[in-house]
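First the structure, in the form of structure tokens, and then the observations on it.
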Amino acid sequence: MSVLAGLCKKLFGRSLWVYHANSGGCNGCDIEVLDVLTPYYDAERFGIRLVASPRHADVMLCQGPAMRSTSKALRRAYEAMPAPKLVFAIGSCACGGGVWFDTYNVLGPVEKVVPVDFYIPGCPPRPEAIIYGVAVALGLVDPKVSPVEVRQLEYPFPRYHPEDLEGEPPLVVYRKMQTL
Amino acid sequence: MSLLSKVREAVICLQAGRVTLPYPAVPRPTPEGFRGRPIFDANRCIGCAGCANNCPAREILVVDVCQEIRILQYLGRRCTYCGRCAEVCPEKAITMSRDFETATPRIGDLRQRLELFMGACQRCGRCFPEPSPLEALKLKGYRFDDVASERWIFRAETFLPGFPPVEDIPIELD
């Protein structure tokens, strides 16, 4: 079974037919996606083709936040796609709701309506960033970002370092202060 | 005539040469002044939360877990890379990098979290006086942000344990 799956991935894994769904964005990401399809950033060398109907598509490119008026249509378009399907969230609206994430007509990111597989943040993302996201999905490159967590651990006060205190209560010496 | 036009068209197409960029194999430099994802420098940050108060997308959450430790969390989901946080930072702790290759299958990969030590007054034990009710109206509630569920909280009174601060809007689907 795994051999068959690997063979299928090798034979059919290359061409992603793309349905382009704008659920209320500002058209910035649409223009960048059209840039990707121009000969300069030739996306057809990855097998990517724009199709008109979600019934022909493998991938849905979501642009714009999930809005109160278009969330049902977005959900119907997602359910019309045949079963092995991917969803790309392109732009900060689709990834996190955009700058107007808390207005009355915006429900939030598109992952509130459809399950999202790949996120391409940016406002709008560069065409290179979209190609990079497609390359991540195809397994050509590895994602570069990872969560960062930094702590300021140098607490320069003696009360946070009781192990560095020496002596009895009348004369308590902070050892690090002596070395300074 | 039509054959001639075809030949002319072929000549024009051949003159253009190959324009496709070999992008994912060869890295492509960004233009001058390009703003990518912001990088937070914990060594320079003083925890003033000016970035949190100026972020248009409200992506930067600040919460004080105790008197000395302040957590500053950048979520990166709906960041528009406008650079206002880097502009307003007094210590230049935020730099807009040129990194645009941020596509990821997990949205949490974009998060940056700083735990800052806030020096307290040795006499009274506080960082600074509490804001008066009028000043608290102007602040966007940044001392009460809900870091655990990555929520931005409007008023401190709504932040009670076991009480969701902001209600999700239910989606009606057919």
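For the structure tokens, the naming scheme is as follows: chains receive sequential letters (A, B, ...) according to their order of presentation, residues are indexed from 1 within each chain, and ligands are indexed from 1 in presentation order.
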
**Message:** List as a VMD selection string the protein and nucleic acid residues near Met67 in chain A, meaning an atom at most 6 Å away when only C-alpha atoms are counted, but skip any in the same chain fewer than 5 places from it.
**Reply:** chain A and resid 105 to 107

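Summary of the local environment: counting only C-alpha atoms, residues at most 12 Å from Glu79 in chain A, other than itself and those fewer than 4 positions away along its chain, are A:Pro54, A:Arg55, A:Ala57, A:Asp58, A:Met60, A:Lys72, A:Ala73, A:Leu74, A:Arg75, A:Ala83, A:Pro84, A:Lys85, A:Leu86, A:Val87, A:Val113, A:Val114, A:Pro115, B:Leu173, B:Asp174.
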
**Request:** Tell me the residues of chain B close to chain A, meaning within 7 Å using only C-alpha atoms, as a PyMOL selection string.
**Result:** chain B and resi 19-21+24+42+56-57+77-80+100-105+107-117+169+173

Export, as a short mmCIF file (atom, residue, chain, number, x, y, z; two decimals), in the first residue's frame, the selected residues with C-alpha atoms.
```
data_model
loop_
_atom_site.label_atom_id
_atom_site.label_comp_id
_atom_site.auth_asym_id
_atom_site.auth_seq_id
_atom_site.Cartn_x
_atom_site.Cartn_y
_atom_site.Cartn_z
CA VAL B 19 12.41 35.44 -18.77
CA THR B 20 11.28 32.88 -16.19
CA LEU B 21 13.10 33.32 -12.90
CA PRO B 24 12.87 28.37 -5.54
CA ALA B 42 14.85 40.70 23.76
CA PRO B 56 -3.01 48.48 13.69
CA ALA B 57 -3.72 44.75 13.50
CA ARG B 77 -0.96 35.95 11.84
CA ARG B 78 -2.54 39.13 10.57
CA CYS B 79 0.57 41.29 10.60
CA THR B 80 0.59 43.59 7.59
CA PHE B 100 9.52 37.05 3.20
CA GLU B 101 9.72 33.27 2.94
CA THR B 102 7.35 32.69 5.83
CA ALA B 103 5.01 30.12 4.32
CA THR B 104 4.28 27.43 6.86
CA PRO B 105 1.79 24.64 7.49
CA ILE B 107 0.37 29.31 11.84
CA GLY B 108 1.94 29.16 15.30
CA ASP B 109 5.38 29.10 13.70
CA LEU B 110 5.19 32.84 13.21
CA ARG B 111 4.91 33.53 16.92
CA GLN B 112 7.59 35.38 18.86
CA ARG B 113 7.40 35.54 22.62
CA LEU B 114 9.59 37.60 24.92
CA GLU B 115 9.65 37.28 28.66
CA LEU B 116 10.94 40.55 29.95
CA PHE B 117 12.26 41.41 33.34
CA ILE B 169 -19.36 34.78 16.46
CA LEU B 173 -23.80 26.86 7.81
#
```

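With CA of Leu75 in chain B on one side and CA of Ile60 in chain B on the other, the separation reads 6.5 Å.
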
Pick out each residue of range 102-131 of chain A that DSSP on the backbone tags as alpha helix (DSSP H); I need them as a CSV table (one decimal) with C-alpha atoms, in the first residue's frame.
```csv
chain,number,residue,atom,x,y,z
A,127,PRO,CA,4.9,36.4,-5.8
A,128,GLU,CA,8.1,34.7,-4.6
A,129,ALA,CA,6.5,34.1,-1.2
A,130,ILE,CA,3.5,32.4,-2.9
A,131,ILE,CA,5.8,30.3,-5.0
```
